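One structure below.
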Amino acid sequence: MLDKKELSKVLTRALRRGGDFAEIYVEEKQISNVLCEDNRIEKINSGREKGAGIRVLKEGRTAYVYTNELSPSGLERAADLAAQVLGSNNNTEHETINLTPRQSGCQLKYLRMPDRVAFDEKITRVLAANQAAREMDAEIRQVTVALADVHRKLQIANSEGDLTEEEQVRVRMVVNAIAARDGMIQTGYESAGGALGWELLDQVPIEDLARDAAGRAVAMLSAVPAPLGKMPVVMHAEAGGTMIHEACGHGLEADLVQKGLSVYKDKLGEQVAIEKLSVIDDATIKGKYGSFAYDDEGTPAQRTVMIDRGILKQFINDRLTAGYDGSALTGNGRRESYQHKPIPRMTNTFIAPGEDDPEKIIAGTEYGLLVKKMGGGQVNTINGDFVFDVQEGYIIENGEIKHPVRGATLTGNGPQALLDIDRIGKDLGYALGVCGKEGQGVPVADAQPTIRIKALTVGGIGSDDTPKTIKRIRRM
Amino acid sequence: MHKKEEMLTKAGATALDAARKKNVEAEVFLLYNRELSIELREARVETLKEAEEIGMGVRVLNHGRMGFAYSSDLSRAAILEVVDNAVSISNCMIADEYQCLVEPSQYYPPVSCFDQQIVDTMLEEKINLARASEKAARSFDKRIRMVEKSAYEDSHSITVIMNSNGLQASFAQNLAGIYIALVAQEEEDSQTGFAVKARRKITDLNPQQLGQEAASRAVRSLKARSMDSQCLPCVMEPYVATRFMGLLLPSLYGDAVLKGKSLWADKIGQPVASPLLQITDDGTLEDGLASAPFDGEGTPAQKNELIKDGLLQSYLYDNYSGRKAGRQSTGSGRRGSFRSLPAIGSSNLIISPGSLSPEQMIADIESGLLITEVMGMHTANPISGDFSLGACGILIKAGQLTRPVRGITIAGNLHQLLQNIEALGSDLRFYGAKAAPSIRFSQLSIGGE
């Protein structure tokens with residue numbers, strides 16, 4: 001990593017053609033990926049990368065230059081390029097910037113660094129998971145186990161004099177199982193991860209993950225095609241929070257709001273959800289996949305209540321967007337790597353638990369879809385339409401969980417969905433993933449209690465068993 | 001750039017030498033990449049990004065045991081460390097008789113992937129391309145409320161591959177692209193539109209056409225609402241068809257077939273789709289975005305006929321899977337960067353067009369749906385082929401486009417869908433390295449009210 005003097009020199013140089021703000025983000029990263037498929041370790045990938053991204057802001061415009069050349073001359077060239085691209089012609093010497101390192105009070109603690117774990121140990125755990133999945137059922141045809149870890153050292157220095165240094169570690173494991181019966185193939189997937197070191201594998205045994213994935217794949221072999229049309233949906237807490245991430249998370253990112261691209265713009269202070277609903281983004285939760293001590297602009301992690309008992313209170317922002325509307329920084333300026341500029345991103349986003357008994361929510365539903373696992377999703381923030389994928393779903397009839405269904409995507413409209421939630425359980429379940437926006441991905445977690453939404457559109461292929469409350473498919 | 005190629009080659013030689021001293025075979029993949037990205041908002045430059053990256057990926061074969069490590073640091077000490085790491089990893093692996101490095105070739109196809117004009121065009125002219133798409137979009141219709149982003153991007157890279165079989169090959173490539181995203185508004189209703197085009201030659205970029213396309217996509221979805229759930233014949237626009245091609249691809253991968261992850265295993269020569277369907281993977285296509293003289297392991301590029309008259313002709317193989325299947329690499333060992341091993345992937349993937357215009361395809365439909373957008377494709381299941389996606393479109397009644405729809409789902413199984421192809425349009429369009437015409441299907445399940 002670079003020393004204070006070097007960082008200060010770069011910042012000063014980057015501002016010599018004028019500018020309101022300059023920042024350098026230095027990243028050193030070590031990764032390892034162990035992949036098991038076809039009953040053997042298929043590949044191991046390990047690598048090291050170092051680079052720096054220099055950003056200059058001037059009158060709302062951004063210059064961004066990145067490079068792997070971290071020698072003094074390499075950084076000088078990068079700083080010059082960043083200074084020059086915003087088009088000013090005068091060469092003014094900027095005064096030296098004095099950097100004050102932040103107190104490292106809220107550093108995350110890791111028990112065991114994954115890059116110090118020998119590959120042999122990683123291989124043993126991965127093979128054990130593979131074995132556990134295959135032993136679950138004879139119908140398991142193929143298993144993929146992936147164990148990935150990342151160890152990053154970051155330095156973020158800016159022209160306001162802040163110097164933030166952080167060490168970030170993440171471990172993630174994913175198991176995909178494929179089951180086959182009579183020419184039909186179905187898959188089951190399970191993952192776990194966090195801003196943790198190797199201790200994650202003690203907290204969440206990878207073999208358990210593998211067994212769950214295999215069990216799900218086999219269960220889906222008996223699933224019938226999901227029904228088609230609008231119906232009540234109960235989302236179990238164990239399904240995770242993909243719905244809230246897509247239904248309103250993106251729409252509450254300040255850049256989309258300020259550009260007029262969010263259906264939630266102009267709605268601060270208004271009721272956007274039922275009174276019992278609160279939606280929170282919180283990067284301070286220990287160990288979750290979206291957690292950190294500082295965001296990628298050096299702002300300390302925070303808990304932001306975006307929707308408070310139905311009222312829209314706050315958007316999540318970064319320095320640029322907070323500067324535009326005079327809001328306090330919420331610590332959501334994130335970037336995928338030194339190769340990307342920061343933009344407002346979610347961290348750990350969840351619906352706060354309520355008061356209802358999850359069992360009673362299901363028992364009180366006459367007909368609907370029970371979602372026990374969600375996959376990925378997508379949203380159009382301008383109109384609020386979102387989709388997400390149901391990995392494990394069941395029909396509820398007269399309050400009882402009936403047969404599994406497959407092949408369903410749920411679609412709805414964010415603002416409408418938040419008003420259509422009529423039950424909020426007192427439990428809470430997390431899911432993790434990588435959120436993509438503007439070509440960059442960041443690790444996030446999302447969570448919700450067991451909730452019921454009055455109506456979402458289920459995009460199944462349908463069958464003739466759908467009850468009379470649902471419109472029958474008109475076959476051609 | 002010539003100096004960069006020399007530097008990469010020298011680094012590669014250092015790595016091969018270190019590997020030889022450790023008594024292992026090795027392959028080195030080296031890449032230097034530069035990118036320029038300009039984003040305009042309201043005709044002003046909002047973000048300008050200029051960047052470069054460099055790195056190497058070293059694959060070693062230690063008596064049949066494979067190890068891989070990469071680094072962005074090409075100093076001598078770092079290179080020796082990468083080779084060391086790769087060898088350490090190989091010591092943990094089991095020997096695999098199918099692991100082997102590509103043999104040097106006498107012939108690499110003379111593919112043109114470099115346009116000097118991209119290099120020679122001044123920054124201001126590039127900015128003007130983005131300005132021109134924005135201007136064209138705004139003048140198309142007064143309901144265009146705002147242009148979210150109008151962008152220009154280009155990239156330039158040098159790739160060098162060397163291995164201990166004596167293979168040493170390199171090439172330079174560049175490409176340029178424009179992109180526009182905007183919002184149309186009518187009363188309370190706002191809808192998005194976008195258009196993107198990337199080409200090998202900067203003179204093939206037409207910003208006026210791009211701006212108009214994006215604007216027309218937004219305007220035609222204004223006042224869209226849902227529709228009744230039903231099964232209907234559908235026409236997919238080329239962009240939507242290319243998204244489905246991405247879902248289809250894994251069934252064609254040789255390694256997926258070997259691992260029991262493809263529903264098309266043991267189906268060579270058999271019908272897997274309507275006899276109207278022809279799909280080709282062509283790494284030698286003139287001006288193709290994925291064209292290159294060789295793939296990510298040094299196998300010369302070639303043209304692969306995958307589906308002909310609906311019959312499966314071939315899978316895609318890299319060196320490893322080709323050998324394991326008792327066949328040969330199809331030049332499909334692809335790498336996006338030095339950070340990973342090659343993996344099977346398509347190059348330029350093309351669904352051959354038919355003879356009907358899109359208007360003719362729609363004119364035949366009494367009641368149906370033109371599908372213009374899909375959401376959530378990354379959640380579809382390439383192994384089972386099941387898909388259930390959010391969608392937008394325009395209803396077809398008596399052969400005419402009527403009202404726009406949104407907030408619906410389309411669902412089905414991809415393999416079934418391919419059997420249901422009724423017609424292919426003449427309007428072949430490239431999106432990245434995938435090309436498709438409009439496609440008409442006899443029926444699709446639509447979820448709405």
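Every chain in the structure tokens has a letter given in the order shown (A, B, ...), and although residue numbers restart at 1 in each chain, ligands are simply numbered from 1 in the order shown.
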Where does chain A meet chain B within 7 Å, residue by residue, with the nearest atom pair and distance in Å to one decimal for each, counting only C-alpha atoms, listed by chain and rising number, as CSV?
```
residue,atom,partner,partner_atom,distance
A:Asp38,CA,B:Lys259,CA,6.3
A:Ile44,CA,B:Phe68,CA,6.6
A:Asn45,CA,B:Phe68,CA,5.5
A:Ser46,CA,B:Ala69,CA,4.8
A:Gly47,CA,B:Tyr70,CA,4.4
A:Arg48,CA,B:Ser71,CA,4.8
A:Glu49,CA,B:Ser72,CA,5.0
A:Lys50,CA,B:Ser72,CA,6.5
A:Arg61,CA,B:Glu46,CA,4.5
A:Thr62,CA,B:Thr47,CA,4.5
A:Ala63,CA,B:Leu48,CA,4.9
A:Tyr64,CA,B:Lys49,CA,4.5
A:Val65,CA,B:Glu50,CA,5.0
A:Tyr66,CA,B:Ala51,CA,4.8
A:Thr67,CA,B:Glu52,CA,5.3
A:Asn68,CA,B:Glu53,CA,5.7
A:Asp120,CA,B:Cys92,CA,6.3
A:Gln142,CA,B:Gly260,CA,7.0
A:Ile185,CA,B:Ser384,CA,5.3
A:Gln186,CA,B:Ser384,CA,6.0
A:Leu228,CA,B:Gly447,CA,5.5
A:Gly229,CA,B:Gly447,CA,5.3
A:Lys230,CA,B:Glu449,CA,5.7
A:Gly375,CA,B:Thr379,CA,6.5
A:Gly376,CA,B:Thr379,CA,5.5
A:Gly377,CA,B:Gly376,CA,5.6
A:Gln378,CA,B:Gly376,CA,5.5
A:Ile382,CA,B:Ser190,CA,6.8
A:Asn383,CA,B:Ser190,CA,6.6
A:Asp385,CA,B:Gly407,CA,6.2
A:Val387,CA,B:Gly390,CA,5.8
A:Phe388,CA,B:Gly376,CA,6.8
A:Asp389,CA,B:Thr379,CA,6.1
A:Gly407,CA,B:Asp386,CA,5.9
A:Ala408,CA,B:Ser388,CA,5.6
A:Thr409,CA,B:Ser388,CA,5.1
A:Thr411,CA,B:Gly390,CA,6.3
A:Gly412,CA,B:Gly407,CA,6.6
A:Thr457,CA,B:Gly448,CA,6.2
A:Val458,CA,B:Gly447,CA,6.6
A:Gly459,CA,B:Gly447,CA,4.9
A:Gly460,CA,B:Ala411,CA,6.0
A:Ile461,CA,B:Ser445,CA,5.7
A:Ile473,CA,B:Gln230,CA,4.9
A:Arg474,CA,B:Gln230,CA,5.2
A:Arg475,CA,B:Cys231,CA,5.8
A:Met476,CA,B:Cys231,CA,6.7
```
Please provide the set of residues having any atom within 10 Å of range 275-281 of chain A, restricted to only C-alpha atoms, with same-chain residues fewer than 4 positions apart removed, written as a PDB file with C-alpha atoms, in the first residue's frame.
```
ATOM      1  CA  ILE A 244     -37.635  -5.812  -0.911  1.00  0.00           C
ATOM      2  CA  HIS A 245     -34.295  -5.310  -2.657  1.00  0.00           C
ATOM      3  CA  CYS A 248     -37.993  -0.559  -3.326  1.00  0.00           C
ATOM      4  CA  GLY A 249     -34.290  -0.818  -2.556  1.00  0.00           C
ATOM      5  CA  GLN A 271     -46.815   7.322   3.122  1.00  0.00           C
ATOM      6  CA  ILE A 285     -24.695  -5.629  11.209  1.00  0.00           C
ATOM      7  CA  GLY A 290     -23.076  -6.517   2.754  1.00  0.00           C
ATOM      8  CA  GLN A 302     -24.405   3.347   9.105  1.00  0.00           C
ATOM      9  CA  ARG A 303     -27.907   2.115   9.759  1.00  0.00           C
ATOM     10  CA  THR A 304     -30.401   4.089   7.669  1.00  0.00           C
ATOM     11  CA  VAL A 305     -34.135   3.816   8.224  1.00  0.00           C
ATOM     12  CA  MET A 306     -35.394   4.454   4.702  1.00  0.00           C
ATOM     13  CA  ILE A 307     -39.089   3.812   5.330  1.00  0.00           C
ATOM     14  CA  ASP A 308     -40.242   4.342   8.923  1.00  0.00           C
ATOM     15  CA  ARG A 309     -43.642   2.886   9.746  1.00  0.00           C
ATOM     16  CA  GLY A 310     -44.844   3.478   6.226  1.00  0.00           C
ATOM     17  CA  ILE A 311     -43.384   6.964   5.770  1.00  0.00           C
ATOM     18  CA  LEU A 312     -40.518   7.535   3.346  1.00  0.00           C
ATOM     19  CA  LYS A 313     -37.795   9.154   5.438  1.00  0.00           C
ATOM     20  CA  GLN A 314     -34.461   8.907   3.678  1.00  0.00           C
ATOM     21  CA  PHE A 315     -32.710   7.881   0.499  1.00  0.00           C
ATOM     22  CA  ILE A 316     -29.321   6.161   0.542  1.00  0.00           C
ATOM     23  CA  THR A 330     -25.519   7.677   4.733  1.00  0.00           C
ATOM     24  CA  ASN A 332     -23.664   3.934   0.818  1.00  0.00           C
ATOM     25  CA  ARG A 345     -25.614   1.024  -3.434  1.00  0.00           C
ATOM     26  CA  MET A 346     -27.494  -1.048  -0.894  1.00  0.00           C
ATOM     27  CA  THR A 347     -25.666  -2.974   1.840  1.00  0.00           C
ATOM     28  CA  ASN A 348     -27.848  -5.194   4.052  1.00  0.00           C
ATOM     29  CA  THR A 349     -31.448  -4.240   3.279  1.00  0.00           C
ATOM     30  CA  PHE A 350     -34.425  -5.583   5.194  1.00  0.00           C
ATOM     31  CA  ILE A 351     -38.026  -5.241   6.276  1.00  0.00           C
ATOM     32  CA  ALA A 352     -38.100  -4.942  10.059  1.00  0.00           C
ATOM     33  CA  PRO A 353     -39.836  -7.831  11.850  1.00  0.00           C
ATOM     34  CA  GLY A 354     -43.446  -7.233  12.914  1.00  0.00           C
ATOM     35  CA  GLU A 355     -45.784  -8.959  15.319  1.00  0.00           C
ATOM     36  CA  LEU A 418     -45.565  -2.113  -0.269  1.00  0.00           C
ATOM     37  CA  LEU A 419     -49.186  -1.093   0.155  1.00  0.00           C
ATOM     38  CA  ILE A 421     -48.527  -6.289   2.418  1.00  0.00           C
ATOM     39  CA  ASP A 422     -51.123  -7.326   4.971  1.00  0.00           C
ATOM     40  CA  ARG A 423     -49.183  -9.568   7.381  1.00  0.00           C
ATOM     41  CA  ILE A 424     -45.692  -9.069   8.836  1.00  0.00           C
ATOM     42  CA  ALA A 445     -27.527  -9.227   1.836  1.00  0.00           C
ATOM     43  CA  ASP A 446     -31.262  -8.767   2.098  1.00  0.00           C
ATOM     44  CA  ALA A 447     -33.802  -9.997   4.596  1.00  0.00           C
ATOM     45  CA  GLN A 448     -37.427 -10.001   5.574  1.00  0.00           C
TER      46      GLN A 448
END
```
Secondary structure check, strand (DSSP E or B) residues of range 113-240 of chain B, as a count of residues only:
58
Please return as JSON, numbers by chain: the residues of range 108-214 of chain A that backbone DSSP assigns to alpha helix (DSSP H).
{"A": [119, 120, 121, 122, 123, 124, 125, 126, 127, 128, 129, 130, 131, 132, 133, 134, 135, 136, 200, 201, 202, 203, 206, 207, 208, 209, 210, 211, 212, 213, 214]}
Distance CA of Glu95 in chain A-CA of Arg16 in chain A, one decimal place?
8.9 Å
